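A.B. asks: Quick one: structure below, then a few questions.
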Amino acid sequence: MSSMETSNLTRETLRKMFSEDKRFDGRKLLDFRDFEIDFDISNKAEGSARVRMGKTEVVVGVKLTTGTPYPDSPNKGNLMVSGDLLPLASPRFESGPPKFDAIELPRLMDRMIRESGMIDLSKLVIKEGESVWTVIVDIYPINDDGSLIDAASIGCVAALYNAKMPELMENGLPDYENKKDKLPLTGVMPLSFTFFKLGENVVLNPTREEEEACEGKMTMGISEFNGKKMINSCQKGWEKIIRQSELEEMAKILPEKYEGVMKKLKSYLK
Amino acid sequence: MVTRPSGRKFDEVRKMDAKVGIIPNADGSAMFAFGDTIAIAAVYGPRQLHPQHMQNPKTGILRVNYDLLSFSVTDRKKPGPSRRSQEISKVTEWALLPVLNLEGFPNTVVDVQIYILQADAGTRTAGINAASIALAHAGIPMKNLVCSVAVGKLDTELAVDPDNAEEHYEEGEGHTDMPIAKIGNTDEFTLLQMDGKMPVDKFAEALNLGNKACKEIYEVQKNALKNFMEEEK
């Protein structure tokens with residue numbers, strides 16, 4: 001279980017299976033794992049959710065605080081996305097200063113949420129130029145069995161939909177004992193999908209074992225805006241090159257994958 | 001109809017400048033500019049790698065550090081690495097690695113230091129272009145150069161190599177930024193990032209706009225290397 005290196009044998013076996021559109025768990029290369037969501041997993045958070053996707057588990061919590069707006073956006077609330085890869089979740093994660101993956105995960109989620117325009121930040125102003133709400137989204141994997149970014153994206157959307165605004169006390173501070181209104185959202189809902197590459201094959205939603213055998217990856221955040229499917233964020237990872245034809249193919253597959261996951265996610269939000 | 005704040009055509013890259021051999025102490029060095037954005041890069045190595053546990057007996061490794069000089073931006077940047085600079089350093093490393101062959105230098109490191117002297121958007125792409133020719137100048141075995149540019153979108157119009165004013169375009173769908181890097185004159189991408197709103201059916205067109213600019217950048221890079229060789233004669 002805590003073996004860290006992918007053996008050449010595993011990599012060669014996967015290479016052969018992928019070229020036949022097969023995987024150890026019976027999925028085809030572009031099949032997304034099924035997932036489950038639980039809400040209100042931590043009652044001090046203003047919103048929270050747990051996503052279980054295969055053996056991968058991620059928890060996301062939303063906290064709301066009051067603060068001052070950024071000078072260049074006096075009439076908008078603030079968004080902060082953070083998180084960590086805790087040594088709790090995998091023998092691969094270590095304590096200490098954040099490694100690259102721990103920096104990348106919240107940055108990718110920040111871009112996906114922010115650029116999609118999911119949160120209506122203009123409705124989070126308490127007093128223009130002086131006081132606004134800050135939305136803080138914290139992401140923690142509890143068990144890493146691959147595709148943390150994809151699972152985290154579902155968790156972020158779920159937790160933000162679950163979030164309730166604290167009332168304001170007379171002194172202007174949040175009253176965390178009284179939460180009523182929903183967090184103002186625009187209805188745009190983003191998701192992220194990460195394509196992995198081994199040899200010439202592209203695989204979606206890999207397990208940890210598959211991920212470690214792969215050589216390249218490409219994360220894409222997508223949402224629907226004014227009836228159009230929009231890519232909101234991209235990040236190519238690792239050193240393997242990706243051809244233009246492969247990129248175009250990923251963009252073509254994306255809307256269908258988005259619809260599939262969104263259908264399931266929406267069934268939880270009713 | 002959108003017009004670019006800079007007045008440029010949508011497929012027009014800013015005036016480019018490149019120079020090789022700007023830092024005598026370095027094994028390789030170069031400057032690359034997109035208009036008012038100026039990046040400088042130095043290469044040191046291959047050299048012995050410490051700490052020893054990072055050494056790879058099969059190959060040399062590449063280590064990239066990207067950062068803004070503190071005075072290169074309007075609001076002074078606090079010196080030292082930020083999460084942004086750490087992310088850019090890493091994606092730059094991935095962007096350059098596919099053209100390098102470091103297998104002849106086991107247990108060593110090639111250090112690439114990229115700093116931005118003056119920032120007007122497109123700093124990571126200018127940095128990659130500078131680093132690519134600095135690596136060639138250092139004589140590191142390479143199969144090709146890497147060319148990099150950002151493709152922007154202002155409202156609904158694609159526009160290559162946006163400057164800072166264009167990056168703050170707020171009308172309609174606002175601004176979208178998509179930095180890419182490719183291996184010179186191939187269809188092989190080594191970097192692709194994006195934030196903004198890119199319609200799925202416009203993605204290929206955006207890549208093609210980047211391809212066209214990368215062709216021009218490739219020529220500028222090759223000329224800088226040629227000029228250096230001639231001056232050395």
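Following the order of the structure tokens, first chain is A, next is B, and so on, with residues numbered from 1 inside each chain and ligands from 1 in the order they appear.
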Return as a PyMOL selection string the residues belonging to chain A that are within 10 Å of chain B, counting only C-alpha atoms.
C.D. replies: chain A and resi 98-101+103-104+107-108+111-112+114-117+216+218-225+228-255
A.B. asks: Can you list, as a PyMOL selection string, every protein, DNA or RNA residue that comes within 6 Å of range 51-62 of chain B when you count only C-alpha atoms, leaving out same-chain residues fewer than 5 positions away?
C.D. replies: chain B and resi 102-103+105-110
A.B. asks: Can you tell me which residues surround Thr134 in chain A at a distance of at most 6 Å, considering only C-alpha atoms, apart from same-chain residues fewer than 4 positions away, and format the answer as a PDB file with N, CA and C atoms, in the first residue's frame?
C.D. replies:
ATOM      1  N   LEU A  64     -16.737  32.256   6.193  1.00  0.00           N
ATOM      2  CA  LEU A  64     -17.006  33.639   5.780  1.00  0.00           C
ATOM      3  C   LEU A  64     -16.544  34.579   6.882  1.00  0.00           C
ATOM      4  N   THR A  65     -15.729  35.561   6.503  1.00  0.00           N
ATOM      5  CA  THR A  65     -15.298  36.560   7.474  1.00  0.00           C
ATOM      6  C   THR A  65     -15.513  37.936   6.855  1.00  0.00           C
ATOM      7  N   THR A  66     -15.466  38.971   7.699  1.00  0.00           N
ATOM      8  CA  THR A  66     -15.544  40.319   7.139  1.00  0.00           C
ATOM      9  C   THR A  66     -14.134  40.877   7.060  1.00  0.00           C
ATOM     10  N   GLY A  77     -16.672  41.575  -2.976  1.00  0.00           N
ATOM     11  CA  GLY A  77     -16.180  40.763  -1.875  1.00  0.00           C
ATOM     12  C   GLY A  77     -14.912  40.041  -2.300  1.00  0.00           C
ATOM     13  N   ASN A  78     -14.246  39.394  -1.342  1.00  0.00           N
ATOM     14  CA  ASN A  78     -12.985  38.703  -1.644  1.00  0.00           C
ATOM     15  C   ASN A  78     -13.191  37.199  -1.678  1.00  0.00           C
ATOM     16  N   LEU A  79     -12.375  36.538  -2.487  1.00  0.00           N
ATOM     17  CA  LEU A  79     -12.357  35.076  -2.529  1.00  0.00           C
ATOM     18  C   LEU A  79     -10.946  34.608  -2.235  1.00  0.00           C
TER      19      LEU A  79
END
A.B. asks: Which of these residues is nearest to Val160 in chain B, using only C-alpha atoms: B:Ala18, B:Cys214, B:Val2, B:Ile140?
C.D. replies: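 Of B:Ala18, B:Cys214, B:Val2, B:Ile140, the one nearest Val160 in chain B is B:Cys214, counting only C-alpha atoms.
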A.B. asks: Could you please write out, as a PyMOL selection string, every residue of range 149-270 of chain A that DSSP assigns to helix (DSSP H, G or I)?
C.D. replies: chain A and resi 149-162+208-213+244-269
A.B. asks: Taking only C-alpha atoms into account, name the residue in A:Gly47, A:Gly54, A:Arg11, A:Asn143 that is nearest to Arg92 in chain A.
C.D. replies: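 Going through A:Gly47, A:Gly54, A:Arg11, A:Asn143 one by one, the smallest distance to Arg92 in chain A is for A:Asn143.
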A.B. asks: Hey, which of B:Met229, B:Leu69, B:Val146, B:Val43 ends up closest to Ala126 in chain B? Count only C-alpha atoms.
C.D. replies: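 Result for the nearest residue to Ala126 in chain B: B:Val146.
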A.B. asks: Env of Ala134 in chain B: 6 Å cut, atoms = only C-alpha atoms, seq-sep filter 3 positions within chain, self excluded. Answer as a list in words.
C.D. replies: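 The filter keeps Gly28, Ser29, Ala30, Ala131 and His137 of chain B.
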A.B. asks: So that I can see what lies close to Tyr169 in chain B, please list as a list of chain:residue names the residues with an atom at most 12 Å from it, counting only C-alpha atoms and leaving out residues fewer than 5 positions away in the same chain.
C.D. replies: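 With the cut-off at 12 Å, the set is B:Val2, B:Thr3, B:Arg4, B:Pro5, B:Ser6, B:Gly152, B:Lys153, B:Leu154, B:Asp155, B:Thr156, B:Glu157, B:Ala159, B:Pro162, B:Asp163, B:Asn164, B:Gly174, B:His175, B:Thr176, B:Asp177, B:Gly196.
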A.B. asks: Could you turn the residues from that selection into a file that holds N, CA and C atoms, as an mmCIF file, in the first residue's frame?
C.D. replies:
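Below you can see result23.cif, which holds the result:
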data_model
loop_
_atom_site.group_PDB
_atom_site.id
_atom_site.type_symbol
_atom_site.label_atom_id
_atom_site.label_comp_id
_atom_site.auth_asym_id
_atom_site.auth_seq_id
_atom_site.Cartn_x
_atom_site.Cartn_y
_atom_site.Cartn_z
ATOM 1 N N VAL B 2 -14.612 44.990 -31.170
ATOM 2 C CA VAL B 2 -13.587 45.321 -30.179
ATOM 3 C C VAL B 2 -12.347 45.886 -30.866
ATOM 4 N N THR B 3 -11.794 46.974 -30.348
ATOM 5 C CA THR B 3 -10.467 47.389 -30.820
ATOM 6 C C THR B 3 -9.491 47.217 -29.674
ATOM 7 N N ARG B 4 -8.245 46.888 -29.992
ATOM 8 C CA ARG B 4 -7.258 46.653 -28.942
ATOM 9 C C ARG B 4 -6.805 47.984 -28.352
ATOM 10 N N PRO B 5 -6.755 48.086 -27.022
ATOM 11 C CA PRO B 5 -6.258 49.311 -26.397
ATOM 12 C C PRO B 5 -4.890 49.714 -26.957
ATOM 13 N N SER B 6 -4.075 48.744 -27.338
ATOM 14 C CA SER B 6 -2.736 49.054 -27.862
ATOM 15 C C SER B 6 -2.786 49.487 -29.321
ATOM 16 N N GLY B 152 -4.560 36.100 -25.861
ATOM 17 C CA GLY B 152 -5.579 36.720 -25.030
ATOM 18 C C GLY B 152 -6.925 36.698 -25.726
ATOM 19 N N LYS B 153 -7.954 37.037 -24.977
ATOM 20 C CA LYS B 153 -9.271 37.245 -25.582
ATOM 21 C C LYS B 153 -9.868 38.472 -24.903
ATOM 22 N N LEU B 154 -10.209 39.488 -25.689
ATOM 23 C CA LEU B 154 -10.838 40.696 -25.157
ATOM 24 C C LEU B 154 -12.307 40.612 -25.537
ATOM 25 N N ASP B 155 -13.190 40.551 -24.543
ATOM 26 C CA ASP B 155 -14.592 40.246 -24.780
ATOM 27 C C ASP B 155 -14.680 38.967 -25.619
ATOM 28 N N THR B 156 -15.054 39.064 -26.888
ATOM 29 C CA THR B 156 -15.177 37.831 -27.682
ATOM 30 C C THR B 156 -14.089 37.709 -28.747
ATOM 31 N N GLU B 157 -13.138 38.676 -28.786
ATOM 32 C CA GLU B 157 -12.126 38.671 -29.843
ATOM 33 C C GLU B 157 -10.781 38.142 -29.343
ATOM 34 N N ALA B 159 -6.826 37.925 -29.232
ATOM 35 C CA ALA B 159 -5.776 38.911 -29.478
ATOM 36 C C ALA B 159 -4.470 38.381 -28.905
ATOM 37 N N PRO B 162 -1.178 39.971 -25.302
ATOM 38 C CA PRO B 162 -1.770 41.150 -24.669
ATOM 39 C C PRO B 162 -0.792 41.847 -23.724
ATOM 40 N N ASP B 163 -0.869 43.176 -23.668
ATOM 41 C CA ASP B 163 -0.079 43.928 -22.687
ATOM 42 C C ASP B 163 -0.929 44.128 -21.430
ATOM 43 N N ASN B 164 -0.379 44.836 -20.459
ATOM 44 C CA ASN B 164 -1.049 44.962 -19.172
ATOM 45 C C ASN B 164 -2.408 45.652 -19.279
ATOM 46 N N GLY B 174 -14.892 40.198 -20.746
ATOM 47 C CA GLY B 174 -13.664 40.557 -20.055
ATOM 48 C C GLY B 174 -12.435 39.981 -20.734
ATOM 49 N N HIS B 175 -11.405 39.785 -19.939
ATOM 50 C CA HIS B 175 -10.147 39.309 -20.513
ATOM 51 C C HIS B 175 -9.880 37.853 -20.188
ATOM 52 N N THR B 176 -9.395 37.126 -21.181
ATOM 53 C CA THR B 176 -8.953 35.752 -20.993
ATOM 54 C C THR B 176 -7.485 35.689 -21.368
ATOM 55 N N ASP B 177 -6.702 34.973 -20.556
ATOM 56 C CA ASP B 177 -5.270 34.868 -20.796
ATOM 57 C C ASP B 177 -4.905 33.400 -20.965
ATOM 58 N N GLY B 196 -9.928 32.652 -17.502
ATOM 59 C CA GLY B 196 -10.873 33.520 -18.193
ATOM 60 C C GLY B 196 -12.038 32.714 -18.737
#
A.B. asks: Skipping near chain neighbours, those fewer than 4 positions away, what residues fall within 9 Å of range 144-153 of chain A using only C-alpha atoms, listed as a ChimeraX atom specification?
C.D. replies: /A:35,51-60,89-90,105-106,108-109,112-113,139-140,157-158,190-194,204-212,219,221
A.B. asks: May I have the residues within 6 Å of Ser72 in chain B as a list in words, using only C-alpha atoms and disregarding those fewer than 2 positions away in the same chain?
C.D. replies: Leu69, Ser70, Leu117, Gln118 and Ala119 of chain B
A.B. asks: Generate the output file for the selected residues, N, CA and C atoms, as a CSV table (one decimal), in the first residue's frame.
C.D. replies:
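Once everything was written out, this is result_9.csv:
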chain,number,residue,atom,x,y,z
B,69,LEU,N,11.7,41.1,-10.4
B,69,LEU,CA,12.5,42.0,-9.6
B,69,LEU,C,11.6,42.9,-8.8
B,70,SER,N,11.9,43.3,-7.6
B,70,SER,CA,10.9,44.0,-6.7
B,70,SER,C,10.4,45.3,-7.4
B,117,LEU,N,12.8,42.3,-15.5
B,117,LEU,CA,13.3,43.6,-15.2
B,117,LEU,C,12.2,44.6,-15.3
B,118,GLN,N,11.3,44.4,-16.1
B,118,GLN,CA,10.2,45.3,-16.4
B,118,GLN,C,9.0,44.5,-16.8
B,119,ALA,N,7.9,44.7,-16.1
B,119,ALA,CA,6.7,43.8,-16.4
B,119,ALA,C,5.6,44.6,-17.0
A.B. asks: Provide the CA of Ile41 in chain A to CA of Lys123 in chain A distance in Å, to one decimal place.
C.D. replies: 26.3 Å
A.B. asks: To one decimal place in Å, what is the distance between CA of Arg14 in chain B and CA of Gly122 in chain B?
C.D. replies: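 For CA of Arg14 in chain B relative to CA of Gly122 in chain B, the distance reads 10.5 Å.
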A.B. asks: With DSSP run on the backbone, what are the strand (DSSP E) residues within range 5-167 of chain B? I'd like them as number ranges by chain.
C.D. replies: B: 16-20, 28-34, 37-48, 61-68, 108-118, 146-154, 157-160
A.B. asks: Output C-alpha atoms for every residue in that selection, as a CSV table (one decimal), in the first residue's frame.
C.D. replies:
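Result file selection17.csv:
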chain,number,residue,atom,x,y,z
B,16,MET,CA,10.4,41.8,-30.0
B,17,ASP,CA,14.0,42.1,-29.0
B,18,ALA,CA,16.4,39.4,-28.0
B,19,LYS,CA,20.1,39.3,-27.1
B,20,VAL,CA,22.4,36.5,-26.2
B,28,GLY,CA,24.7,30.9,-20.9
B,29,SER,CA,22.5,34.0,-20.8
B,30,ALA,CA,20.0,36.0,-22.8
B,31,MET,CA,17.4,38.8,-22.7
B,32,PHE,CA,14.0,38.6,-24.4
B,33,ALA,CA,11.5,41.5,-24.7
B,34,PHE,CA,7.9,41.7,-25.8
B,37,THR,CA,8.1,43.4,-20.9
B,38,ILE,CA,11.8,42.5,-20.4
B,39,ALA,CA,13.0,39.1,-19.1
B,40,ILE,CA,16.6,38.1,-18.5
B,41,ALA,CA,17.9,34.6,-18.0
B,42,ALA,CA,21.1,33.0,-16.8
B,43,VAL,CA,22.1,29.3,-17.1
B,44,TYR,CA,24.6,27.8,-14.7
B,45,GLY,CA,25.7,24.2,-15.2
B,46,PRO,CA,25.7,21.3,-15.7
B,47,ARG,CA,27.3,21.4,-12.2
B,48,GLN,CA,27.5,19.2,-9.2
B,61,ILE,CA,18.2,17.6,-13.7
B,62,LEU,CA,16.8,21.0,-14.6
B,63,ARG,CA,16.0,23.5,-11.9
B,64,VAL,CA,14.2,26.7,-12.8
B,65,ASN,CA,13.7,29.8,-10.7
B,66,TYR,CA,11.4,32.6,-12.0
B,67,ASP,CA,10.7,35.8,-10.2
B,68,LEU,CA,9.9,39.5,-10.6
B,108,THR,CA,24.3,17.2,-12.1
B,109,VAL,CA,21.9,20.1,-12.2
B,110,VAL,CA,21.4,22.8,-14.8
B,111,ASP,CA,20.2,25.9,-13.0
B,112,VAL,CA,18.1,28.4,-15.0
B,113,GLN,CA,17.5,31.7,-13.3
B,114,ILE,CA,14.9,34.0,-14.8
B,115,TYR,CA,14.2,37.5,-13.6
B,116,ILE,CA,11.8,40.1,-14.9
B,117,LEU,CA,13.3,43.6,-15.2
B,118,GLN,CA,10.2,45.3,-16.4
B,146,VAL,CA,11.0,26.4,-27.1
B,147,CYS,CA,8.9,29.4,-28.2
B,148,SER,CA,6.3,30.9,-25.9
B,149,VAL,CA,3.5,33.5,-26.2
B,150,ALA,CA,0.2,34.4,-24.5
B,151,VAL,CA,-3.0,34.3,-26.5
B,152,GLY,CA,-5.6,36.7,-25.0
B,153,LYS,CA,-9.3,37.2,-25.6
B,154,LEU,CA,-10.8,40.7,-25.2
B,157,GLU,CA,-12.1,38.7,-29.8
B,158,LEU,CA,-8.9,36.7,-29.7
B,159,ALA,CA,-5.8,38.9,-29.5
B,160,VAL,CA,-2.2,37.6,-29.3
A.B. asks: Which value, in Å to one decimal, gives the distance between CA of Leu135 in chain B and CA of Ser82 in chain B?
C.D. replies: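 Going from CA of Leu135 in chain B over to CA of Ser82 in chain B covers 24.8 Å.
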